[in-house]
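Enquirer: Here you go, this is query-v4.txt (compact mmCIF, C-alpha atoms).
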```
# COMPACT_ATOMS: atom_id res chain seq x y z
CA MET A 1 44.44 76.42 53.97
CA LEU A 2 43.19 78.21 50.88
CA TYR A 3 44.75 77.57 47.50
CA LEU A 4 44.02 79.56 44.33
CA TYR A 5 45.12 78.38 40.88
CA ASP A 6 45.07 79.85 37.40
CA GLY A 7 42.82 77.62 35.28
CA ALA A 8 41.47 74.15 36.06
CA LEU A 9 42.38 72.29 39.23
CA ASP A 10 44.57 69.18 39.16
CA VAL A 11 42.07 67.24 41.26
CA PRO A 12 43.95 63.94 41.77
CA THR A 13 47.11 65.76 42.86
CA ILE A 14 45.34 68.17 45.21
CA LEU A 15 43.29 65.42 46.89
CA ALA A 16 46.37 63.24 47.26
CA ASP A 17 48.44 66.13 48.65
CA TRP A 18 45.75 66.98 51.21
CA TYR A 19 45.45 63.33 52.20
CA ALA A 20 49.20 63.11 52.67
CA GLU A 21 49.31 66.35 54.69
CA GLU A 22 46.85 64.97 57.24
CA ALA A 23 47.67 61.25 57.01
CA THR A 24 49.13 61.12 60.51
CA SER A 25 47.02 63.91 62.09
CA ASN A 26 44.66 61.38 63.70
CA TYR A 27 41.54 62.54 61.84
CA GLY A 28 38.98 59.80 61.39
CA ALA A 29 37.17 61.44 58.47
CA TYR A 30 38.29 63.19 55.24
CA ILE A 31 35.34 64.45 53.22
CA PRO A 32 36.12 66.23 49.96
CA PHE A 33 33.65 68.00 47.69
CA VAL A 34 34.72 68.47 44.06
CA GLY A 35 32.87 70.86 41.75
CA THR A 36 33.12 70.00 38.05
CA VAL A 37 31.96 72.07 35.07
CA ARG A 38 28.99 70.40 33.37
CA SER A 39 27.85 70.74 29.79
CA GLU A 40 24.61 72.74 29.81
CA ASP A 41 23.05 75.60 27.83
CA GLY A 42 25.72 75.31 25.14
CA ILE A 43 28.55 76.67 27.28
CA ASP A 44 32.19 75.92 26.49
CA GLY A 45 33.20 76.36 30.12
CA LEU A 46 33.16 78.80 33.02
CA SER A 47 35.42 81.64 34.05
CA PHE A 48 36.00 83.14 37.49
CA ASP A 49 37.06 86.44 39.07
CA ILE A 50 38.14 86.38 42.71
CA TYR A 51 38.57 89.23 45.19
CA GLU A 52 41.26 87.78 47.41
CA PRO A 53 41.33 90.16 50.43
CA ILE A 54 37.73 89.40 51.41
CA LEU A 55 37.95 85.75 50.33
CA ASN A 56 40.90 85.36 52.70
CA SER A 57 39.07 86.86 55.68
CA TRP A 58 35.90 84.87 54.90
CA PHE A 59 37.95 81.67 54.75
CA ALA A 60 39.81 82.53 57.97
CA SER A 61 36.48 82.81 59.81
CA TRP A 62 35.55 79.28 58.65
CA GLN A 63 38.96 77.96 59.59
CA GLU A 64 38.34 79.27 63.10
CA LYS A 65 34.91 77.57 63.21
CA ALA A 66 36.52 74.32 62.08
CA LYS A 67 39.21 74.62 64.74
CA GLN A 68 36.57 74.99 67.45
CA GLN A 69 35.23 71.58 66.42
CA GLY A 70 38.66 69.99 66.22
CA ALA A 71 38.44 69.98 62.43
CA VAL A 72 40.46 71.41 59.53
CA ILE A 73 39.07 72.88 56.31
CA LYS A 74 40.92 73.14 53.01
CA MET A 75 39.75 74.80 49.84
CA ALA A 76 41.06 75.16 46.30
CA HIS A 77 39.51 77.35 43.59
CA SER A 78 40.30 78.37 40.03
CA ARG A 79 40.87 81.83 38.62
CA GLY A 80 40.14 82.46 34.97
CA ASP A 81 38.85 79.87 32.52
CA VAL A 82 37.84 76.29 33.33
CA LEU A 83 36.52 74.16 30.47
CA LEU A 84 33.82 71.47 30.37
CA HIS A 85 34.48 68.44 32.58
CA GLU A 86 37.34 70.18 34.33
CA SER A 87 37.08 71.16 38.00
CA SER A 88 37.13 74.63 39.50
CA TYR A 89 36.44 73.96 43.17
CA ILE A 90 37.48 71.57 45.91
CA ALA A 91 36.55 71.88 49.56
CA ALA A 92 37.47 69.27 52.13
CA VAL A 93 37.02 68.79 55.83
CA PHE A 94 39.12 66.64 58.11
CA SER A 95 37.71 65.90 61.53
CA PRO A 96 38.03 63.33 64.27
CA LYS A 97 34.50 62.04 63.65
CA ARG A 98 32.37 61.57 60.56
CA ARG A 99 29.25 63.47 61.69
CA VAL A 100 31.10 66.76 62.32
CA ALA A 101 32.77 66.57 58.91
CA LEU A 102 29.54 65.80 57.03
CA GLU A 103 27.64 68.66 58.65
CA PHE A 104 30.57 71.03 58.35
CA ILE A 105 31.13 70.48 54.62
CA ASP A 106 27.43 71.10 53.98
CA ALA A 107 27.35 74.38 55.95
CA PHE A 108 30.68 75.51 54.50
CA VAL A 109 29.75 74.94 50.85
CA GLU A 110 26.35 76.63 51.32
CA ASP A 111 27.96 79.74 52.82
CA PHE A 112 30.68 79.62 50.16
CA LYS A 113 27.97 79.88 47.49
CA ALA A 114 26.24 82.77 49.28
CA SER A 115 29.19 84.79 50.55
CA ALA A 116 32.57 84.07 48.96
CA PRO A 117 33.59 87.00 46.69
CA ILE A 118 33.91 85.00 43.48
CA TRP A 119 32.16 85.89 40.22
CA LYS A 120 31.20 83.32 37.62
CA TYR A 121 30.94 83.82 33.87
CA ASP A 122 29.73 81.45 31.16
CA LEU A 123 32.12 80.98 28.24
CA LYS A 124 29.96 80.89 25.15
CA ASP A 125 30.69 81.80 21.53
CA ALA A 126 34.07 83.25 22.57
CA LYS A 127 32.31 85.62 25.00
CA ARG A 128 32.51 85.84 28.80
CA ILE A 129 28.96 86.33 30.11
CA TYR A 130 28.30 87.10 33.79
CA ALA A 131 26.05 84.40 35.32
CA LEU A 132 23.76 86.87 37.10
CA GLU A 133 20.76 84.52 37.35
CA ARG A 134 22.80 81.86 39.15
CA SER A 135 24.47 84.36 41.48
CA THR A 136 23.47 85.34 45.01
CA ALA A 137 23.53 88.86 46.42
CA ILE A 138 25.74 88.97 49.52
CA GLN A 139 23.82 89.54 52.75
CA GLY A 140 23.28 93.28 53.28
CA SER A 141 23.45 94.16 49.58
CA GLY A 142 21.66 97.25 48.30
CA LEU A 143 23.00 99.60 50.96
CA LEU A 144 23.96 102.29 48.45
CA ALA A 145 20.73 102.11 46.41
CA LYS A 146 17.93 104.67 46.69
CA MET B 1 40.77 110.98 49.08
CA VAL B 2 38.70 107.81 49.19
CA ARG B 3 39.14 105.11 46.54
CA VAL B 4 36.04 103.31 45.24
CA GLU B 5 36.52 100.00 43.42
CA PHE B 6 33.91 98.09 41.40
CA LEU B 7 34.53 94.36 41.57
CA GLY B 8 33.77 91.40 39.33
CA PRO B 9 31.39 92.07 36.45
CA ILE B 10 30.81 95.78 37.14
CA GLN B 11 32.59 97.28 34.17
CA LYS B 12 33.69 100.55 35.70
CA ASP B 13 37.07 102.07 36.52
CA ALA B 14 37.88 102.90 40.13
CA LEU B 15 37.02 106.38 41.40
CA GLU B 16 38.98 108.72 43.69
CA LEU B 17 36.52 110.87 45.61
CA GLU B 18 36.67 113.62 48.23
CA ILE B 19 33.92 112.29 50.48
CA THR B 20 33.56 112.00 54.23
CA ASN B 21 30.84 109.40 54.63
CA LEU B 22 28.96 106.65 52.78
CA ASN B 23 25.80 108.75 52.38
CA GLU B 24 27.78 111.13 50.16
CA LEU B 25 29.05 108.15 48.18
CA ALA B 26 25.49 106.81 47.79
CA ALA B 27 24.33 110.16 46.36
CA ILE B 28 27.24 110.30 43.86
CA LEU B 29 26.78 106.71 42.68
CA GLN B 30 22.98 107.01 42.47
CA ALA B 31 23.48 109.79 39.92
CA ASP B 32 25.29 107.33 37.61
CA GLU B 33 22.64 105.59 35.50
CA SER B 34 25.02 102.73 34.58
CA LEU B 35 25.22 101.73 38.25
CA HIS B 36 21.48 101.76 38.93
CA GLU B 37 20.97 97.98 38.95
CA TRP B 38 24.36 97.24 40.54
CA LEU B 39 23.63 99.45 43.55
CA LYS B 40 20.51 97.40 44.28
CA ASN B 41 22.30 94.04 44.36
CA SER B 42 25.81 94.91 45.50
CA ALA B 43 27.31 94.64 48.97
CA VAL B 44 29.71 97.30 50.24
CA ALA B 45 33.08 96.80 51.93
CA LEU B 46 35.14 99.43 53.72
CA ASN B 47 38.84 98.54 53.79
CA ASP B 48 37.94 94.94 52.89
CA THR B 49 35.36 94.48 55.66
CA LEU B 50 31.67 94.28 54.70
CA VAL B 51 29.56 97.09 56.16
CA SER B 52 25.91 96.91 57.19
CA SER B 53 25.10 100.61 57.53
CA LEU B 54 25.97 103.95 55.95
CA GLU B 55 26.82 105.48 59.33
CA GLY B 56 30.36 106.40 60.34
CA ALA B 57 33.01 108.71 58.92
CA LEU B 58 35.42 108.00 56.08
CA LYS B 59 39.03 109.11 56.24
CA ASP B 60 41.73 109.87 53.72
CA GLY B 61 43.11 106.64 52.23
CA ASP B 62 40.02 104.53 52.88
CA LYS B 63 39.06 101.97 50.24
CA ILE B 64 35.47 101.12 49.41
CA SER B 65 34.57 98.10 47.30
CA LEU B 66 31.27 97.22 45.65
CA LEU B 67 30.64 93.47 45.47
CA PRO B 68 27.90 92.33 43.06
CA PRO B 69 26.13 88.94 43.43
CA VAL B 70 28.55 86.03 43.81
CA CYS B 71 28.68 82.48 42.53
CA GLY B 72 31.81 80.52 43.32
CA GLY B 73 32.33 76.85 42.66
```
Please re-express this file's structure in structure tokens.

Expert:
Amino acid sequence: MLYLYDGALDVPTILADWYAEEATSNYGAYIPFVGTVRSEDGIDGLSFDIYEPILNSWFASWQEKAKQQGAVIKMAHSRGDVLLHESSYIAAVFSPKRRVALEFIDAFVEDFKASAPIWKYDLKDAKRIYALERSTAIQGSGLLAK
Amino acid sequence: MVRVEFLGPIQKDALELEITNLNELAAILQADESLHEWLKNSAVALNDTLVSSLEGALKDGDKISLLPPVCGG
């Protein structure tokens, strides 16, 4: 279950909806991770571009991994601008047991950072500035270079 | 015709090229000075699947995407 929204995420509603969706699914653990925009380096917020076709296939591969462990993964992400102290990202794992969910959310969020086709920009002085230094080249990058 | 799309922060319009493999694409893009740094740090997808080599033939209607470094969350 992958959900994309224009602008900031309504965190309380999304977390409550996900909880309700799985309330009677017999999962013993629900572990959400919420990413919130912090004030640093004078930014006014962040902005995001998403390439959905590859994001969808990347997410489907993680959904399959979750299924093999009897777990479910859900993710929500913003498109466009998200201001300070608003949230742009939620990932959550439901699993029968706590240990699987804790390890899974860690591995999922790490790979999300390294592989999900989402581009981040700082909003500063009414400009949208690509956050190159904080970005990670996808594995196998540089194929077309000399 | 093969369509080439530049995603995220690469400020470049899509190209429509008569090419038959990724080596030809590499040569064309390497000649574009504005893409020099992007080629070094971008991944390549063919029809929305990431590729790990330049081998293999392209066919009419294929879509190639360049994906620069990512940072979701």

Enquirer: Show which residues sit within 10 Å of A:Gln69, as a VMD selection string. Count only C-alpha atoms, and ignore same-chain residues fewer than 5 positions away.

Expert: chain A and resid 64 95 to 97 100 to 101 104

Enquirer: So, counting all atoms listed in the file, which residue among B:Asn47, B:Asn23, B:Trp38, B:Gly73 is closest to B:Asp60?

Expert: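 Looking at the shortest contact to B:Asp60, the residue is B:Asn47.
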
Enquirer: Could you check which residues have any atom within 7 Å of (39.9, 111.5, 47.0), counting all atoms listed in the file with coordinates taken straight from the file, and then list them as a list of chain:residue names?

Expert: B:Met1, B:Val2, B:Arg3, B:Glu16, B:Leu17, B:Glu18, B:Ile19

Enquirer: Residues of chain A within 9 Å of chain B, using only C-alpha atoms, as an mmCIF file with C-alpha atoms, keeping the file's coordinate frame?

Expert:
```
data_model
loop_
_atom_site.group_PDB
_atom_site.id
_atom_site.type_symbol
_atom_site.label_atom_id
_atom_site.label_comp_id
_atom_site.auth_asym_id
_atom_site.auth_seq_id
_atom_site.Cartn_x
_atom_site.Cartn_y
_atom_site.Cartn_z
ATOM 1 C CA VAL A 34 34.720 68.470 44.060
ATOM 2 C CA GLY A 35 32.870 70.860 41.750
ATOM 3 C CA THR A 36 33.120 70.000 38.050
ATOM 4 C CA VAL A 37 31.960 72.070 35.070
ATOM 5 C CA PHE A 48 36.000 83.140 37.490
ATOM 6 C CA ASP A 49 37.060 86.440 39.070
ATOM 7 C CA ILE A 50 38.140 86.380 42.710
ATOM 8 C CA TYR A 51 38.570 89.230 45.190
ATOM 9 C CA PRO A 53 41.330 90.160 50.430
ATOM 10 C CA ILE A 54 37.730 89.400 51.410
ATOM 11 C CA SER A 57 39.070 86.860 55.680
ATOM 12 C CA HIS A 77 39.510 77.350 43.590
ATOM 13 C CA SER A 78 40.300 78.370 40.030
ATOM 14 C CA SER A 87 37.080 71.160 38.000
ATOM 15 C CA SER A 88 37.130 74.630 39.500
ATOM 16 C CA TYR A 89 36.440 73.960 43.170
ATOM 17 C CA ILE A 90 37.480 71.570 45.910
ATOM 18 C CA VAL A 109 29.750 74.940 50.850
ATOM 19 C CA PHE A 112 30.680 79.620 50.160
ATOM 20 C CA LYS A 113 27.970 79.880 47.490
ATOM 21 C CA ALA A 114 26.240 82.770 49.280
ATOM 22 C CA SER A 115 29.190 84.790 50.550
ATOM 23 C CA ALA A 116 32.570 84.070 48.960
ATOM 24 C CA PRO A 117 33.590 87.000 46.690
ATOM 25 C CA ILE A 118 33.910 85.000 43.480
ATOM 26 C CA TRP A 119 32.160 85.890 40.220
ATOM 27 C CA LYS A 120 31.200 83.320 37.620
ATOM 28 C CA TYR A 121 30.940 83.820 33.870
ATOM 29 C CA ILE A 129 28.960 86.330 30.110
ATOM 30 C CA TYR A 130 28.300 87.100 33.790
ATOM 31 C CA ALA A 131 26.050 84.400 35.320
ATOM 32 C CA LEU A 132 23.760 86.870 37.100
ATOM 33 C CA ARG A 134 22.800 81.860 39.150
ATOM 34 C CA SER A 135 24.470 84.360 41.480
ATOM 35 C CA THR A 136 23.470 85.340 45.010
ATOM 36 C CA ALA A 137 23.530 88.860 46.420
ATOM 37 C CA ILE A 138 25.740 88.970 49.520
ATOM 38 C CA GLN A 139 23.820 89.540 52.750
ATOM 39 C CA GLY A 140 23.280 93.280 53.280
ATOM 40 C CA SER A 141 23.450 94.160 49.580
ATOM 41 C CA GLY A 142 21.660 97.250 48.300
ATOM 42 C CA LEU A 143 23.000 99.600 50.960
ATOM 43 C CA LEU A 144 23.960 102.290 48.450
ATOM 44 C CA ALA A 145 20.730 102.110 46.410
ATOM 45 C CA LYS A 146 17.930 104.670 46.690
#
```

Enquirer: Could you tell me how far atom CA of A:Ala76 sits from atom CA of A:Asn56, in Å to one decimal place?

Expert: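 Interatomic distance, atom CA of A:Asn56 to atom CA of A:Ala76: 12.0 Å.
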
Enquirer: Could you state the separation of atom CA of B:Lys12 and atom CA of A:Asp125 in Å, given to one decimal place?

Expert: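 Between atom CA of B:Lys12 and atom CA of A:Asp125 the gap is 23.7 Å.
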
Enquirer: Just the number, please: distance in Å from atom CA of A:Leu102 to atom CA of A:Ser61, one decimal.

Expert: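 The value is 18.6 Å.
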
Enquirer: When you get a chance, write out N, CA and C atoms for stretch 70-99 of chain A, as a PDB file, in the frame of the given file.

Expert:
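File out_34.pdb, as written:
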```pdb
ATOM      1  N   GLY A  70      37.551  70.935  66.364  1.00  0.00           N
ATOM      2  CA  GLY A  70      38.660  69.990  66.220  1.00  0.00           C
ATOM      3  C   GLY A  70      38.881  69.554  64.784  1.00  0.00           C
ATOM      4  N   ALA A  71      38.369  70.353  63.849  1.00  0.00           N
ATOM      5  CA  ALA A  71      38.440  69.980  62.430  1.00  0.00           C
ATOM      6  C   ALA A  71      39.374  70.936  61.673  1.00  0.00           C
ATOM      7  N   VAL A  72      39.652  70.575  60.427  1.00  0.00           N
ATOM      8  CA  VAL A  72      40.460  71.410  59.530  1.00  0.00           C
ATOM      9  C   VAL A  72      39.712  71.505  58.216  1.00  0.00           C
ATOM     10  N   ILE A  73      39.705  72.709  57.610  1.00  0.00           N
ATOM     11  CA  ILE A  73      39.070  72.880  56.310  1.00  0.00           C
ATOM     12  C   ILE A  73      40.121  73.310  55.295  1.00  0.00           C
ATOM     13  N   LYS A  74      40.020  72.755  54.109  1.00  0.00           N
ATOM     14  CA  LYS A  74      40.920  73.140  53.010  1.00  0.00           C
ATOM     15  C   LYS A  74      40.062  73.447  51.798  1.00  0.00           C
ATOM     16  N   MET A  75      40.529  74.409  51.022  1.00  0.00           N
ATOM     17  CA  MET A  75      39.750  74.800  49.840  1.00  0.00           C
ATOM     18  C   MET A  75      40.690  75.177  48.704  1.00  0.00           C
ATOM     19  N   ALA A  76      40.327  74.755  47.503  1.00  0.00           N
ATOM     20  CA  ALA A  76      41.060  75.160  46.300  1.00  0.00           C
ATOM     21  C   ALA A  76      40.042  75.714  45.294  1.00  0.00           C
ATOM     22  N   HIS A  77      40.427  76.777  44.592  1.00  0.00           N
ATOM     23  CA  HIS A  77      39.510  77.350  43.590  1.00  0.00           C
ATOM     24  C   HIS A  77      40.315  77.891  42.413  1.00  0.00           C
ATOM     25  N   SER A  78      39.668  77.868  41.254  1.00  0.00           N
ATOM     26  CA  SER A  78      40.300  78.370  40.030  1.00  0.00           C
ATOM     27  C   SER A  78      40.055  79.853  39.837  1.00  0.00           C
ATOM     28  N   ARG A  79      41.041  80.493  39.195  1.00  0.00           N
ATOM     29  CA  ARG A  79      40.870  81.830  38.620  1.00  0.00           C
ATOM     30  C   ARG A  79      40.879  81.676  37.108  1.00  0.00           C
ATOM     31  N   GLY A  80      40.113  82.523  36.425  1.00  0.00           N
ATOM     32  CA  GLY A  80      40.140  82.460  34.970  1.00  0.00           C
ATOM     33  C   GLY A  80      39.314  81.310  34.437  1.00  0.00           C
ATOM     34  N   ASP A  81      39.708  80.792  33.268  1.00  0.00           N
ATOM     35  CA  ASP A  81      38.850  79.870  32.520  1.00  0.00           C
ATOM     36  C   ASP A  81      39.024  78.409  32.951  1.00  0.00           C
ATOM     37  N   VAL A  82      37.875  77.715  33.022  1.00  0.00           N
ATOM     38  CA  VAL A  82      37.840  76.290  33.330  1.00  0.00           C
ATOM     39  C   VAL A  82      36.868  75.657  32.329  1.00  0.00           C
ATOM     40  N   LEU A  83      37.336  74.693  31.566  1.00  0.00           N
ATOM     41  CA  LEU A  83      36.520  74.160  30.470  1.00  0.00           C
ATOM     42  C   LEU A  83      35.641  72.994  30.935  1.00  0.00           C
ATOM     43  N   LEU A  84      34.754  72.556  30.051  1.00  0.00           N
ATOM     44  CA  LEU A  84      33.820  71.470  30.370  1.00  0.00           C
ATOM     45  C   LEU A  84      34.568  70.259  30.920  1.00  0.00           C
ATOM     46  N   HIS A  85      33.997  69.673  31.955  1.00  0.00           N
ATOM     47  CA  HIS A  85      34.480  68.440  32.580  1.00  0.00           C
ATOM     48  C   HIS A  85      35.794  68.626  33.324  1.00  0.00           C
ATOM     49  N   GLU A  86      36.233  69.872  33.431  1.00  0.00           N
ATOM     50  CA  GLU A  86      37.340  70.180  34.330  1.00  0.00           C
ATOM     51  C   GLU A  86      36.734  70.660  35.658  1.00  0.00           C
ATOM     52  N   SER A  87      37.579  70.761  36.684  1.00  0.00           N
ATOM     53  CA  SER A  87      37.080  71.160  38.000  1.00  0.00           C
ATOM     54  C   SER A  87      37.638  72.505  38.428  1.00  0.00           C
ATOM     55  N   SER A  88      36.769  73.281  39.082  1.00  0.00           N
ATOM     56  CA  SER A  88      37.130  74.630  39.500  1.00  0.00           C
ATOM     57  C   SER A  88      37.140  74.785  41.022  1.00  0.00           C
ATOM     58  N   TYR A  89      36.638  73.776  41.730  1.00  0.00           N
ATOM     59  CA  TYR A  89      36.440  73.960  43.170  1.00  0.00           C
ATOM     60  C   TYR A  89      36.618  72.650  43.910  1.00  0.00           C
ATOM     61  N   ILE A  90      37.413  72.699  44.961  1.00  0.00           N
ATOM     62  CA  ILE A  90      37.480  71.570  45.910  1.00  0.00           C
ATOM     63  C   ILE A  90      37.420  72.145  47.319  1.00  0.00           C
ATOM     64  N   ALA A  91      36.556  71.573  48.126  1.00  0.00           N
ATOM     65  CA  ALA A  91      36.550  71.880  49.560  1.00  0.00           C
ATOM     66  C   ALA A  91      36.649  70.548  50.275  1.00  0.00           C
ATOM     67  N   ALA A  92      37.354  70.523  51.380  1.00  0.00           N
ATOM     68  CA  ALA A  92      37.470  69.270  52.130  1.00  0.00           C
ATOM     69  C   ALA A  92      37.568  69.559  53.617  1.00  0.00           C
ATOM     70  N   VAL A  93      36.955  68.691  54.382  1.00  0.00           N
ATOM     71  CA  VAL A  93      37.020  68.790  55.830  1.00  0.00           C
ATOM     72  C   VAL A  93      37.676  67.526  56.382  1.00  0.00           C
ATOM     73  N   PHE A  94      38.557  67.747  57.325  1.00  0.00           N
ATOM     74  CA  PHE A  94      39.120  66.640  58.110  1.00  0.00           C
ATOM     75  C   PHE A  94      38.636  66.821  59.532  1.00  0.00           C
ATOM     76  N   SER A  95      38.113  65.762  60.136  1.00  0.00           N
ATOM     77  CA  SER A  95      37.710  65.900  61.530  1.00  0.00           C
ATOM     78  C   SER A  95      37.855  64.551  62.228  1.00  0.00           C
ATOM     79  N   PRO A  96      37.877  64.597  63.551  1.00  0.00           N
ATOM     80  CA  PRO A  96      38.030  63.330  64.270  1.00  0.00           C
ATOM     81  C   PRO A  96      36.883  62.374  63.958  1.00  0.00           C
ATOM     82  N   LYS A  97      35.653  62.920  63.860  1.00  0.00           N
ATOM     83  CA  LYS A  97      34.500  62.040  63.650  1.00  0.00           C
ATOM     84  C   LYS A  97      33.722  62.421  62.400  1.00  0.00           C
ATOM     85  N   ARG A  98      33.083  61.435  61.829  1.00  0.00           N
ATOM     86  CA  ARG A  98      32.370  61.570  60.560  1.00  0.00           C
ATOM     87  C   ARG A  98      31.266  62.620  60.599  1.00  0.00           C
ATOM     88  N   ARG A  99      30.439  62.613  61.646  1.00  0.00           N
ATOM     89  CA  ARG A  99      29.250  63.470  61.690  1.00  0.00           C
ATOM     90  C   ARG A  99      29.628  64.954  61.597  1.00  0.00           C
TER      91      ARG A  99
END
```
